[in-house]
Amino acid sequence: MMRILARTGRAAALSLALGALAGCAALSTIGNATRALPTYELRAASFASASAAPSSRTVLLAPPTSSTALSTDRVMIRPSTLLVEYLPDARWADAAPAHAQELLSRSIANTGALAHVGTDVAGPLPDFVVLTDVQAFQAEITGPGLSPPARVRIRLRLTIVRDIDRRMVGSRVFERVVDAPDLSTPTLMLAFDAAMNALLQDAAVWVVSSTGGRVS
C-alpha cells in the first residue's frame with residue numbers, strides 16, 4: 001500500500017472518511033490472495049440498432065497501459081491526490097486495464113459498424129490499431145462532511161494508428177465523473193458502471209468514425 005502522506009491533522013480527517021468504507025476496519029491493499037472477494041464486471045455499451053452497412057475495416061485493440069497502482073484487479077480508492085487504497089470487499093473480474101480494454105472492444109463491436117474488432121493478435125490483420133492508456137479508474141473520497149461523499153472517475157486516452165504505415169489517425173482523452181451518494185461498495189459499483197457506460201458510448205462512436213465507419 002502506497003502512503004505518501006504527511007502525518008498531519010488532515011491525514012487524521014481522511015482516515016475517518018476511509019473508516020466509513022469498511023466499518024471499523026481499515027482499507028487494505030492486495031491482502032490475502034486466498035480470501036474470496038465479491039467480483040464485479042461492468043457492462044459494455046449497447047446501441048439501439050447495429051449499423052445496416054458495416055465497413056470492411058478491422059480494428060485491433062493493443063494491450064492497454066496504466067500506472068502500476070491500477071494494474072490490479074482490486075478496486076482503487078483515492079482519499080487524496082497522493083494516497084492509494086483499495087476496497088477491502090470487492091475486486092474486478094480482471095485487472096482494471098484489461099477489464100477496460102475488453103469493455104471498449106465489446107462496445108465498439110456492438111455498434112455493428114466495423115467488419116471486426118478484437119484484442120487477439122491472432123485475428124484478422126488490422127487496418128487500425130487502438131492504443132489505450134488507462135489514466136484513472138477509481139473512486140475518490142471528497143472529504144469528511146462533504147457532499148457527495150465520493151465520486152467515481154474514469155479516464156482513458158485512446159490513440160488510433162493506421163497499421164500499414166504507423167501513421168497516427170487521432171488521439172483523444174475520454175473522461176467521466178459520477179457522484180456516489182454514499183460510500184457503500186454496491187453504491188460505488190453503480191457509479192463505476194454509470195461512468196464507464198457513458199464513456200464507452202462516446203469512445204466507441206469516436207473510434208468507429210475515425211476509422212471510416214458510421215454508427216447509425
# chains A, B, ... in the order shown; residues from 1 in each chain; ligands from 1
>>> residues_around(residues="Pro38 (chain A)", least_positions_apart="2", cutoff="12 Å", atoms="only C-alpha atoms", output="ChimeraX atom specification")
/A:35-36,40-41,73-75,87-93,185-186,189
>>> write_last_selection(atoms="N, CA and C atoms", output="PDB file, in the first residue's frame")
ATOM      1  N   ARG A  35      -8.254 -15.141  -0.020  1.00  0.00           N
ATOM      2  CA  ARG A  35      -9.559 -14.769   0.506  1.00  0.00           C
ATOM      3  C   ARG A  35     -10.499 -14.448  -0.649  1.00  0.00           C
ATOM      4  N   ALA A  36     -11.638 -15.120  -0.703  1.00  0.00           N
ATOM      5  CA  ALA A  36     -12.597 -14.885  -1.772  1.00  0.00           C
ATOM      6  C   ALA A  36     -13.255 -13.522  -1.594  1.00  0.00           C
ATOM      7  N   TYR A  40     -16.831  -8.054  -9.464  1.00  0.00           N
ATOM      8  CA  TYR A  40     -17.711  -7.160 -10.223  1.00  0.00           C
ATOM      9  C   TYR A  40     -17.240  -7.046 -11.667  1.00  0.00           C
ATOM     10  N   GLU A  41     -18.223  -7.015 -12.576  1.00  0.00           N
ATOM     11  CA  GLU A  41     -17.952  -6.843 -14.001  1.00  0.00           C
ATOM     12  C   GLU A  41     -18.864  -5.753 -14.531  1.00  0.00           C
ATOM     13  N   ASP A  73      -6.542  -6.270 -10.020  1.00  0.00           N
ATOM     14  CA  ASP A  73      -7.987  -6.467 -10.067  1.00  0.00           C
ATOM     15  C   ASP A  73      -8.691  -5.845  -8.862  1.00  0.00           C
ATOM     16  N   ARG A  74      -7.941  -5.212  -7.965  1.00  0.00           N
ATOM     17  CA  ARG A  74      -8.554  -4.545  -6.827  1.00  0.00           C
ATOM     18  C   ARG A  74      -9.130  -3.193  -7.230  1.00  0.00           C
ATOM     19  N   VAL A  75     -10.151  -2.751  -6.497  1.00  0.00           N
ATOM     20  CA  VAL A  75     -10.870  -1.519  -6.824  1.00  0.00           C
ATOM     21  C   VAL A  75     -10.200  -0.353  -6.103  1.00  0.00           C
ATOM     22  N   LEU A  87     -10.595  -1.083  -2.122  1.00  0.00           N
ATOM     23  CA  LEU A  87     -11.751  -1.590  -1.393  1.00  0.00           C
ATOM     24  C   LEU A  87     -11.428  -2.964  -0.809  1.00  0.00           C
ATOM     25  N   PRO A  88     -11.780  -3.205   0.453  1.00  0.00           N
ATOM     26  CA  PRO A  88     -11.443  -4.477   1.082  1.00  0.00           C
ATOM     27  C   PRO A  88     -12.412  -5.600   0.724  1.00  0.00           C
ATOM     28  N   ASP A  89     -13.550  -5.270   0.100  1.00  0.00           N
ATOM     29  CA  ASP A  89     -14.598  -6.276  -0.096  1.00  0.00           C
ATOM     30  C   ASP A  89     -15.058  -6.364  -1.547  1.00  0.00           C
ATOM     31  N   ALA A  90     -14.163  -6.086  -2.501  1.00  0.00           N
ATOM     32  CA  ALA A  90     -14.551  -6.158  -3.911  1.00  0.00           C
ATOM     33  C   ALA A  90     -13.322  -6.277  -4.785  1.00  0.00           C
ATOM     34  N   ARG A  91     -13.502  -6.884  -5.949  1.00  0.00           N
ATOM     35  CA  ARG A  91     -12.458  -6.908  -6.961  1.00  0.00           C
ATOM     36  C   ARG A  91     -13.119  -6.940  -8.332  1.00  0.00           C
ATOM     37  N   TRP A  92     -12.358  -6.555  -9.356  1.00  0.00           N
ATOM     38  CA  TRP A  92     -12.853  -6.609 -10.730  1.00  0.00           C
ATOM     39  C   TRP A  92     -12.713  -8.024 -11.289  1.00  0.00           C
ATOM     40  N   ALA A  93     -13.444  -8.314 -12.344  1.00  0.00           N
ATOM     41  CA  ALA A  93     -13.382  -9.620 -12.986  1.00  0.00           C
ATOM     42  C   ALA A  93     -12.016  -9.861 -13.628  1.00  0.00           C
ATOM     43  N   THR A 185     -20.007  -0.257  -0.938  1.00  0.00           N
ATOM     44  CA  THR A 185     -19.474  -0.867  -2.156  1.00  0.00           C
ATOM     45  C   THR A 185     -20.519  -0.987  -3.264  1.00  0.00           C
ATOM     46  N   PRO A 186     -21.768  -1.456  -3.003  1.00  0.00           N
ATOM     47  CA  PRO A 186     -22.759  -1.518  -4.086  1.00  0.00           C
ATOM     48  C   PRO A 186     -23.012  -0.161  -4.733  1.00  0.00           C
ATOM     49  N   MET A 189     -20.102   0.705  -6.971  1.00  0.00           N
ATOM     50  CA  MET A 189     -20.099  -0.096  -8.191  1.00  0.00           C
ATOM     51  C   MET A 189     -21.099   0.445  -9.212  1.00  0.00           C
TER      52      MET A 189
END
>>> residues_around(residues="Pro181 (chain A)", least_positions_apart="4", cutoff="9 Å", atoms="only C-alpha atoms", output="list of chain:residue names")
A:Ser147, A:Pro148, A:Pro149, A:Ala150, A:Arg151, A:Thr187, A:Leu188
>>> atom_distance(atom1="CA of Thr111 (chain A)", atom2="CA of Ala96 (chain A)")
23.1 Å
>>> closest_residue(among="A:Ala48, A:Val169, A:Ala62, A:Ala100", to="Val129 (chain A)", atoms="only C-alpha atoms")
A:Ala62
>>> closest_residue(among="A:Val59, A:Val161, A:Val84, A:Val152", to="Val177 (chain A)", atoms="only C-alpha atoms")
A:Val152
>>> residues_around(residues="Ala113 (chain A)", least_positions_apart="5", cutoff="12 Å", atoms="only C-alpha atoms", output="compact mmCIF listing (two decimals) with N, CA and C atoms, in the first residue's frame")
# COMPACT_ATOMS: atom_id res chain seq x y z
N PHE A 47 -26.02 -0.35 -28.29
CA PHE A 47 -26.55 0.63 -29.22
C PHE A 47 -27.91 0.18 -29.73
N SER A 49 -29.51 0.21 -32.50
CA SER A 49 -29.56 -0.63 -33.70
C SER A 49 -28.17 -0.71 -34.30
N ALA A 50 -27.80 -1.91 -34.70
CA ALA A 50 -26.49 -2.09 -35.32
C ALA A 50 -26.48 -1.44 -36.70
N SER A 51 -25.30 -1.05 -37.14
CA SER A 51 -25.16 -0.42 -38.45
C SER A 51 -25.66 -1.35 -39.55
N ALA A 52 -26.47 -0.80 -40.45
CA ALA A 52 -27.03 -1.61 -41.53
C ALA A 52 -25.99 -1.95 -42.58
N ALA A 53 -24.97 -1.10 -42.71
CA ALA A 53 -23.95 -1.32 -43.73
C ALA A 53 -22.57 -1.17 -43.11
N PRO A 54 -22.08 -2.20 -42.41
CA PRO A 54 -20.76 -2.09 -41.78
C PRO A 54 -19.66 -1.92 -42.80
N SER A 55 -18.63 -1.18 -42.42
CA SER A 55 -17.48 -1.01 -43.30
C SER A 55 -16.65 -2.29 -43.28
N SER A 56 -15.69 -2.35 -44.18
CA SER A 56 -14.82 -3.54 -44.25
C SER A 56 -13.61 -3.39 -43.34
N ARG A 57 -13.53 -2.32 -42.58
CA ARG A 57 -12.36 -2.05 -41.75
C ARG A 57 -12.27 -3.00 -40.55
N THR A 58 -11.05 -3.34 -40.18
CA THR A 58 -10.81 -4.18 -39.00
C THR A 58 -9.96 -3.40 -38.00
N VAL A 59 -10.24 -3.61 -36.72
CA VAL A 59 -9.58 -2.85 -35.65
C VAL A 59 -9.05 -3.80 -34.59
N SER A 107 -17.80 -2.84 -26.80
CA SER A 107 -18.66 -1.70 -27.11
C SER A 107 -18.52 -1.29 -28.58
N ILE A 108 -17.28 -1.25 -29.07
CA ILE A 108 -17.08 -0.92 -30.49
C ILE A 108 -17.74 -1.97 -31.37
N ALA A 204 -16.69 4.58 -28.30
CA ALA A 204 -16.97 3.65 -29.40
C ALA A 204 -17.35 4.39 -30.68
N VAL A 205 -18.19 5.41 -30.54
CA VAL A 205 -18.59 6.19 -31.72
C VAL A 205 -17.39 6.90 -32.33
N TRP A 206 -16.50 7.44 -31.47
CA TRP A 206 -15.30 8.13 -31.98
C TRP A 206 -14.39 7.18 -32.72
N VAL A 207 -14.15 5.99 -32.18
CA VAL A 207 -13.28 5.02 -32.85
C VAL A 207 -13.87 4.62 -34.20
N VAL A 208 -15.15 4.36 -34.23
CA VAL A 208 -15.79 3.96 -35.49
C VAL A 208 -15.67 5.06 -36.54
N SER A 209 -16.01 6.29 -36.17
CA SER A 209 -15.97 7.39 -37.13
C SER A 209 -14.53 7.70 -37.59
N SER A 210 -13.57 7.52 -36.68
CA SER A 210 -12.17 7.82 -37.01
C SER A 210 -11.56 6.75 -37.91
N THR A 211 -12.16 5.60 -37.98
CA THR A 211 -11.64 4.51 -38.82
C THR A 211 -12.50 4.30 -40.06
N GLY A 212 -13.36 5.23 -40.36
CA GLY A 212 -14.11 5.17 -41.61
C GLY A 212 -15.47 4.54 -41.54
N GLY A 213 -15.93 4.21 -40.34
CA GLY A 213 -17.26 3.64 -40.21
C GLY A 213 -18.26 4.69 -39.78
N ARG A 214 -19.51 4.26 -39.58
CA ARG A 214 -20.55 5.19 -39.16
C ARG A 214 -21.56 4.44 -38.30
N VAL A 215 -21.88 5.02 -37.14
CA VAL A 215 -22.88 4.42 -36.25
C VAL A 215 -24.23 4.99 -36.61
N SER A 216 -25.18 4.10 -36.93
CA SER A 216 -26.50 4.56 -37.36
C SER A 216 -27.33 4.99 -36.18
>>> closest_residue(among="A:Thr39, A:Ser67, A:Thr142, A:Thr159", to="Asp182 (chain A)", atoms="only C-alpha atoms")
A:Thr142
>>> select_by_dssp(residues="region 23-210 of chain A", states="strand (DSSP E or B)", output="ChimeraX atom specification")
/A:28,39-40,58-61,65-66,74-80,83-92,116-118,128-141,150-162,167-180
>>> atom_distance(atom1="CA of Ala194 (chain A)", atom2="CA of Ile160 (chain A)")
25.0 Å
>>> atom_distance(atom1="CA of Arg167 (chain A)", atom2="CA of Leu114 (chain A)")
19.8 Å
>>> residues_around(residues="Ile164 (chain A)", least_positions_apart="6", cutoff="9 Å", atoms="only C-alpha atoms", output="tab-separated table (two decimals) with C-alpha atoms, in the first residue's frame")
chain	number	residue	atom	x	y	z
A	126	PRO	CA	-5.98	-4.96	-38.66
A	127	ASP	CA	-6.44	-1.81	-40.68
A	128	PHE	CA	-6.16	0.21	-37.49
>>> closest_residue(among="A:Ala44, A:Met196, A:Met168, A:Leu37", to="Arg106 (chain A)", atoms="only C-alpha atoms")
A:Ala44
>>> closest_residue(among="A:Leu103, A:Ala115, A:Leu131, A:Ala198", to="Arg172 (chain A)", atoms="only C-alpha atoms")
A:Leu131
>>> closest_residue(among="A:Ala136, A:Val178, A:Leu82, A:Leu42", to="Ala195 (chain A)", atoms="only C-alpha atoms")
A:Val178
>>> select_by_dssp(residues="region 47-147 of chain A", states="alpha helix (DSSP H)", output="PyMOL selection string")
chain A and resi 96-110
